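What follows is run-v9.cif (mmCIF, C-alpha atoms).
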```cif
data_run
loop_
_atom_site.label_atom_id
_atom_site.label_comp_id
_atom_site.auth_asym_id
_atom_site.auth_seq_id
_atom_site.Cartn_x
_atom_site.Cartn_y
_atom_site.Cartn_z
CA MET A 22 0.00 0.00 0.00
CA ARG A 23 2.89 2.37 0.71
CA PRO A 24 3.95 2.83 -2.97
CA TYR A 25 0.39 3.79 -3.91
CA ILE A 26 0.18 6.31 -1.02
CA VAL A 27 3.07 8.23 -2.61
CA ILE A 28 1.33 8.13 -6.01
CA LYS A 29 -1.97 9.11 -4.38
CA GLN A 30 -0.39 12.20 -2.79
CA LEU A 31 1.01 13.28 -6.15
CA VAL A 32 -2.31 12.69 -7.94
CA ASP A 33 -4.16 14.60 -5.19
CA PHE A 34 -1.86 17.61 -5.50
CA MET A 35 -1.91 17.70 -9.30
CA MET A 36 -5.70 17.30 -9.57
CA ALA A 37 -6.29 19.92 -6.85
CA LEU A 38 -3.92 22.34 -8.57
CA ILE A 39 -5.64 21.84 -11.92
CA GLY A 40 -9.01 22.15 -10.21
CA ILE A 41 -8.27 25.46 -8.55
CA LEU A 42 -6.80 26.89 -11.76
CA LEU A 43 -9.91 25.91 -13.72
CA LEU A 44 -12.51 26.71 -11.08
CA TRP A 45 -11.27 30.02 -9.66
CA PRO A 46 -13.93 32.02 -11.57
CA PHE A 47 -16.62 29.93 -9.86
CA PHE A 48 -14.91 30.50 -6.50
CA LEU A 49 -15.10 34.25 -7.11
CA ILE A 50 -18.73 34.25 -8.23
CA ILE A 51 -19.84 32.10 -5.28
CA ALA A 52 -17.89 34.27 -2.83
CA VAL A 53 -19.51 37.47 -4.14
CA VAL A 54 -23.02 35.95 -4.01
CA ILE A 55 -22.53 34.71 -0.42
CA LYS A 56 -21.16 38.06 0.72
CA PHE A 57 -24.05 40.04 -0.73
CA THR A 58 -26.90 37.75 0.33
CA SER A 59 -26.15 37.01 3.99
CA LYS A 60 -24.21 38.41 6.92
CA GLY A 61 -20.94 36.72 7.80
CA PRO A 62 -17.71 35.46 6.24
CA VAL A 63 -17.54 33.78 2.84
CA LEU A 64 -15.71 30.72 4.13
CA PHE A 65 -16.74 28.45 6.98
CA LYS A 66 -13.96 26.85 9.02
CA GLN A 67 -14.49 23.89 11.33
CA LYS A 68 -12.14 21.73 13.36
CA ARG A 69 -11.91 18.20 11.97
CA LEU A 70 -9.66 15.20 12.42
CA GLY A 71 -7.11 14.31 9.76
CA LYS A 72 -4.58 11.52 9.34
CA ASN A 73 -3.76 9.80 12.65
CA LYS A 74 -6.41 11.99 14.30
CA SER A 75 -4.39 15.17 13.88
CA GLU A 76 -6.54 18.30 13.97
CA PHE A 77 -7.01 20.71 11.06
CA TYR A 78 -9.61 23.22 9.92
CA ILE A 79 -11.75 22.15 7.00
CA LEU A 80 -12.84 24.88 4.58
CA LYS A 81 -16.27 25.22 3.01
CA PHE A 82 -18.32 27.99 1.50
CA ARG A 83 -20.60 29.23 4.27
CA THR A 84 -24.13 27.94 3.75
CA MET A 85 -25.62 28.64 7.17
CA ARG A 86 -26.40 31.62 9.36
CA THR A 87 -23.74 32.80 11.79
CA ASP A 88 -25.94 31.89 14.80
CA THR A 89 -26.05 28.18 13.86
CA PRO A 90 -24.94 25.88 16.74
CA SER A 91 -21.24 25.16 16.24
CA ASP A 92 -19.59 21.73 15.98
CA MET A 93 -22.87 19.95 15.29
CA PRO A 94 -23.47 17.85 12.15
CA THR A 95 -26.26 19.39 10.08
CA HIS A 96 -28.29 16.18 10.08
CA LEU A 97 -28.58 16.44 13.90
CA LEU A 98 -30.14 19.92 13.84
CA GLN A 99 -33.83 19.94 14.73
CA ASP A 100 -34.69 22.51 12.04
CA PRO A 101 -31.81 22.86 9.56
CA ASP A 102 -33.93 24.83 7.08
CA PHE A 103 -34.09 27.64 9.63
CA PHE A 104 -30.30 27.98 9.64
CA ILE A 105 -29.45 27.28 5.99
CA THR A 106 -29.35 30.41 3.84
CA SER A 107 -31.20 30.64 0.53
CA VAL A 108 -27.93 30.51 -1.41
CA GLY A 109 -26.69 27.82 0.96
CA LYS A 110 -29.51 25.49 -0.06
CA PHE A 111 -28.34 25.60 -3.66
CA LEU A 112 -24.68 25.20 -2.73
CA ARG A 113 -25.41 22.18 -0.54
CA LYS A 114 -27.73 20.60 -3.10
CA THR A 115 -25.00 20.79 -5.74
CA SER A 116 -22.13 20.14 -3.26
CA LEU A 117 -20.47 23.38 -4.45
CA ASP A 118 -20.00 24.32 -0.81
CA GLU A 119 -17.27 21.66 -0.64
CA LEU A 120 -15.07 23.27 -3.32
CA PRO A 121 -12.78 25.19 -0.90
CA GLN A 122 -11.54 21.82 0.38
CA ILE A 123 -9.35 21.84 -2.72
CA ILE A 124 -7.20 24.19 -0.59
CA ASN A 125 -7.08 21.56 2.18
CA ILE A 126 -5.91 19.04 -0.42
CA LEU A 127 -3.20 21.38 -1.71
CA LYS A 128 -2.02 21.88 1.89
CA GLY A 129 -1.72 18.11 2.31
CA GLU A 130 -4.44 17.90 4.97
CA MET A 131 -6.89 15.93 2.83
CA SER A 132 -7.06 13.64 -0.19
CA ILE A 133 -9.58 13.68 -3.01
CA VAL A 134 -10.83 10.24 -1.92
CA GLY A 135 -10.79 8.93 1.65
CA PRO A 136 -13.01 8.75 4.75
CA ARG A 137 -14.84 12.04 5.26
CA PRO A 138 -13.12 13.99 8.06
CA ALA A 139 -14.92 13.54 11.37
CA LEU A 140 -15.72 16.43 13.65
CA TRP A 141 -13.34 16.50 16.62
CA ASN A 142 -16.28 15.63 18.92
CA GLN A 143 -17.79 12.76 16.91
CA TYR A 144 -16.38 10.32 19.42
CA ASP A 145 -18.61 7.42 18.35
CA LEU A 146 -17.52 7.65 14.71
CA ILE A 147 -13.86 8.09 15.67
CA ALA A 148 -13.98 5.02 17.94
CA GLU A 149 -15.64 2.90 15.24
CA ARG A 150 -13.07 3.96 12.65
CA ASP A 151 -10.28 3.00 15.06
CA LYS A 152 -11.51 -0.60 14.80
CA TYR A 153 -10.72 -0.59 11.08
CA LYS A 154 -7.63 1.70 11.24
CA ALA A 155 -9.58 4.14 9.07
CA ASN A 156 -8.25 7.07 11.11
CA ASN A 157 -4.72 6.25 9.92
CA ILE A 158 -5.11 7.75 6.44
CA LYS A 159 -5.93 11.21 5.14
CA PRO A 160 -9.62 12.08 5.04
CA GLY A 161 -11.15 12.78 1.65
CA LEU A 162 -13.33 15.20 -0.24
CA THR A 163 -15.45 12.14 -0.97
CA GLY A 164 -15.27 8.52 0.11
CA TRP A 165 -16.53 4.95 -0.18
CA ALA A 166 -19.12 5.54 2.55
CA GLN A 167 -20.39 8.66 0.77
CA ILE A 168 -21.34 6.72 -2.36
CA ASN A 169 -22.94 3.94 -0.31
CA GLY A 170 -25.46 5.91 1.68
CA ARG A 171 -23.79 9.07 2.97
CA ASP A 172 -26.03 10.62 5.70
CA GLU A 173 -28.40 7.65 5.58
CA LEU A 174 -25.79 5.31 7.07
CA PRO A 175 -25.59 4.54 10.80
CA ILE A 176 -22.20 5.19 12.40
CA GLU A 177 -21.25 1.51 12.46
CA GLU A 178 -21.94 1.02 8.75
CA LYS A 179 -20.17 4.23 7.79
CA ALA A 180 -17.03 3.18 9.68
CA LYS A 181 -17.20 -0.28 8.13
CA PHE A 182 -17.21 1.23 4.63
CA ASP A 183 -14.27 3.44 5.61
CA GLY A 184 -12.40 0.31 6.68
CA GLU A 185 -13.27 -1.42 3.40
CA TYR A 186 -11.86 1.55 1.52
CA LEU A 187 -8.55 1.12 3.33
CA ASN A 188 -8.40 -2.53 2.22
CA LEU A 189 -9.39 -1.74 -1.38
CA LEU A 190 -7.08 1.25 -1.75
CA SER A 191 -5.82 1.60 -5.33
CA LEU A 192 -5.74 4.13 -8.17
CA SER A 193 -8.55 2.39 -10.05
CA PHE A 194 -10.71 2.21 -6.93
CA ASP A 195 -10.15 5.92 -6.21
CA PHE A 196 -11.30 6.76 -9.74
CA LEU A 197 -14.37 4.55 -9.27
CA VAL A 198 -15.31 6.40 -6.06
CA PHE A 199 -14.64 9.79 -7.65
CA PHE A 200 -16.84 9.24 -10.70
CA LYS A 201 -19.59 7.53 -8.68
CA THR A 202 -19.58 10.62 -6.44
CA ILE A 203 -20.27 12.85 -9.43
CA TYR A 204 -23.16 10.54 -10.40
CA ASN A 205 -24.60 10.68 -6.87
CA VAL A 206 -24.30 14.46 -6.68
CA VAL A 207 -26.24 14.81 -9.93
CA LYS A 208 -28.94 12.46 -8.60
CA ARG A 209 -28.68 13.94 -5.08
CA GLU A 210 -28.67 10.57 -3.36
CA GLY A 211 -28.13 9.90 0.34
CA ILE A 212 -28.42 13.48 1.63
CA ILE A 213 -30.36 14.16 4.82
CA GLU A 214 -30.78 17.60 6.41
CA GLY A 215 -31.86 17.57 10.05
CA ASN A 216 -34.45 14.97 10.98
CA LYS A 217 -35.98 14.71 7.54
CA GLN A 218 -34.77 13.13 4.35
CA SER A 219 -34.42 15.57 1.47
#
```
Same coordinates, now as structure tokens:
Amino acid sequence: MRPYIVIKQLVDFMMALIGILLLWPFFLIIAVVIKFTSKGPVLFKQKRLGKNKSEFYILKFRTMRTDTPSDMPTHLLQDPDFFITSVGKFLRKTSLDELPQIINILKGEMSIVGPRPALWNQYDLIAERDKYKANNIKPGLTGWAQINGRDELPIEEKAKFDGEYLNLLSLSFDFLVFFKTIYNVVKREGIIEGNKQS
């Protein structure tokens, strides 16, 4: 697995670099729209766990009001629609809010494919991933669990998929996950906001 990890890091960096060079006009447009439609910063930063449970701050376009409870997964909010901005609904539906994580990838904090980075206080998910050594690799922009249920999955199943990804790790498998992610985003599968399925 070690030789592929080196290749994976190179592929991550090159694809992220190409991505940011191609997508910077969209970054600018989204930033301007966010700034002029709701109060608060353009980017949202949140403490997450990276490789070997090291802490880093994940970047996203802000999709929620500034008075939203911090460090709480959106699917656990009682009324997420109250906190999500009008522009934020579109960004989340299309997953465009995740684009700034290209910067996290360029910084070496994340990979394109890997387990989604857990919040620092998601102790149940962290403990389950420890069983499969899934905390030992870089988290990803997308992952095996994301294309197999995403928010619909219970913690145990999500961690199991993250462990399977570690065992199946290869260039071809990463490309499979990446392209299946695009398919799922288009179909908007497996996304739950708050206590209701969207």
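Minimum atom-to-atom distance to Ala52 of chain A, evaluated using only C-alpha atoms, belongs to A:Asp118 out of A:Glu178, A:Asp118, A:Glu185, A:Glu173.
Put simply, the PyMOL selection byres ((chain A and resi 145-153) around 8) on this file hits Ala139, Gln143, Tyr144, Lys154, Ala155, Asn156, Ile176, Glu177, Ala180, Lys181, Asp183 and Gly184 of chain A.
Residues in contact with segment 30-36 of chain A at up to 10 Å, not including ones fewer than 4 positions away on its chain and judged by only C-alpha atoms, are A:Tyr25, A:Ile26, A:Gly40, A:Ile41, A:Leu42, A:Ile123, A:Ile124, A:Ile126, A:Leu127, A:Lys128, A:Gly129, A:Met131, A:Ser132, A:Ile133, A:Val134, A:Lys159, A:Gly161, A:Leu192.
Atom CA of Ile203 of chain A lies 9.8 Å from atom CA of Thr163 of chain A.
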**Prompt:** On this structure, which residues satisfy the PyMOL selection byres ((chain A and resi 167-171) around 10), written as a VMD selection string?
**Reply:** chain A and resid 135 to 137 162 to 166 172 to 175 178 to 179 182 to 183 198 to 206 210 to 213
Go ahead and save the picked residues with C-alpha atoms, as a short mmCIF file (atom, residue, chain, number, x, y, z; two decimals), in the frame of the given file.
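Okay, result07.cif is ready:
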```cif
data_model
loop_
_atom_site.label_atom_id
_atom_site.label_comp_id
_atom_site.auth_asym_id
_atom_site.auth_seq_id
_atom_site.Cartn_x
_atom_site.Cartn_y
_atom_site.Cartn_z
CA GLY A 135 -10.79 8.93 1.65
CA PRO A 136 -13.01 8.75 4.75
CA ARG A 137 -14.84 12.04 5.26
CA LEU A 162 -13.33 15.20 -0.24
CA THR A 163 -15.45 12.14 -0.97
CA GLY A 164 -15.27 8.52 0.11
CA TRP A 165 -16.53 4.95 -0.18
CA ALA A 166 -19.12 5.54 2.55
CA ASP A 172 -26.03 10.62 5.70
CA GLU A 173 -28.40 7.65 5.58
CA LEU A 174 -25.79 5.31 7.07
CA PRO A 175 -25.59 4.54 10.80
CA GLU A 178 -21.94 1.02 8.75
CA LYS A 179 -20.17 4.23 7.79
CA PHE A 182 -17.21 1.23 4.63
CA ASP A 183 -14.27 3.44 5.61
CA VAL A 198 -15.31 6.40 -6.06
CA PHE A 199 -14.64 9.79 -7.65
CA PHE A 200 -16.84 9.24 -10.70
CA LYS A 201 -19.59 7.53 -8.68
CA THR A 202 -19.58 10.62 -6.44
CA ILE A 203 -20.27 12.85 -9.43
CA TYR A 204 -23.16 10.54 -10.40
CA ASN A 205 -24.60 10.68 -6.87
CA VAL A 206 -24.30 14.46 -6.68
CA GLU A 210 -28.67 10.57 -3.36
CA GLY A 211 -28.13 9.90 0.34
CA ILE A 212 -28.42 13.48 1.63
CA ILE A 213 -30.36 14.16 4.82
#
```
- the PyMOL selection byres ((chain A and resi 56-71) around 7) on the file shown: which residues, as number ranges by chain? A: 52-55, 72-83, 87, 130, 138-141, 159-160
Using C-alpha atoms, can you export the residues from the last selection as a PDB file, in the coordinates of the input?
```pdb
ATOM      1  CA  ALA A  52     -17.890  34.270  -2.830  1.00  0.00           C
ATOM      2  CA  VAL A  53     -19.510  37.470  -4.140  1.00  0.00           C
ATOM      3  CA  VAL A  54     -23.020  35.950  -4.010  1.00  0.00           C
ATOM      4  CA  ILE A  55     -22.530  34.710  -0.420  1.00  0.00           C
ATOM      5  CA  LYS A  72      -4.580  11.520   9.340  1.00  0.00           C
ATOM      6  CA  ASN A  73      -3.760   9.800  12.650  1.00  0.00           C
ATOM      7  CA  LYS A  74      -6.410  11.990  14.300  1.00  0.00           C
ATOM      8  CA  SER A  75      -4.390  15.170  13.880  1.00  0.00           C
ATOM      9  CA  GLU A  76      -6.540  18.300  13.970  1.00  0.00           C
ATOM     10  CA  PHE A  77      -7.010  20.710  11.060  1.00  0.00           C
ATOM     11  CA  TYR A  78      -9.610  23.220   9.920  1.00  0.00           C
ATOM     12  CA  ILE A  79     -11.750  22.150   7.000  1.00  0.00           C
ATOM     13  CA  LEU A  80     -12.840  24.880   4.580  1.00  0.00           C
ATOM     14  CA  LYS A  81     -16.270  25.220   3.010  1.00  0.00           C
ATOM     15  CA  PHE A  82     -18.320  27.990   1.500  1.00  0.00           C
ATOM     16  CA  ARG A  83     -20.600  29.230   4.270  1.00  0.00           C
ATOM     17  CA  THR A  87     -23.740  32.800  11.790  1.00  0.00           C
ATOM     18  CA  GLU A 130      -4.440  17.900   4.970  1.00  0.00           C
ATOM     19  CA  PRO A 138     -13.120  13.990   8.060  1.00  0.00           C
ATOM     20  CA  ALA A 139     -14.920  13.540  11.370  1.00  0.00           C
ATOM     21  CA  LEU A 140     -15.720  16.430  13.650  1.00  0.00           C
ATOM     22  CA  TRP A 141     -13.340  16.500  16.620  1.00  0.00           C
ATOM     23  CA  LYS A 159      -5.930  11.210   5.140  1.00  0.00           C
ATOM     24  CA  PRO A 160      -9.620  12.080   5.040  1.00  0.00           C
TER      25      PRO A 160
END
```
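Coordinates place atom CA of Val27 of chain A at a distance of 12.2 Å from atom CA of Ile158 of chain A.
Using all atoms listed in the file, the nearest neighbour of Pro101 of chain A within the list A:Trp45, A:Arg86, A:Lys114, A:Leu197 is A:Arg86.
The spacing separating atom CA of Thr89 of chain A from atom CA of Val207 of chain A amounts to 27.3 Å.
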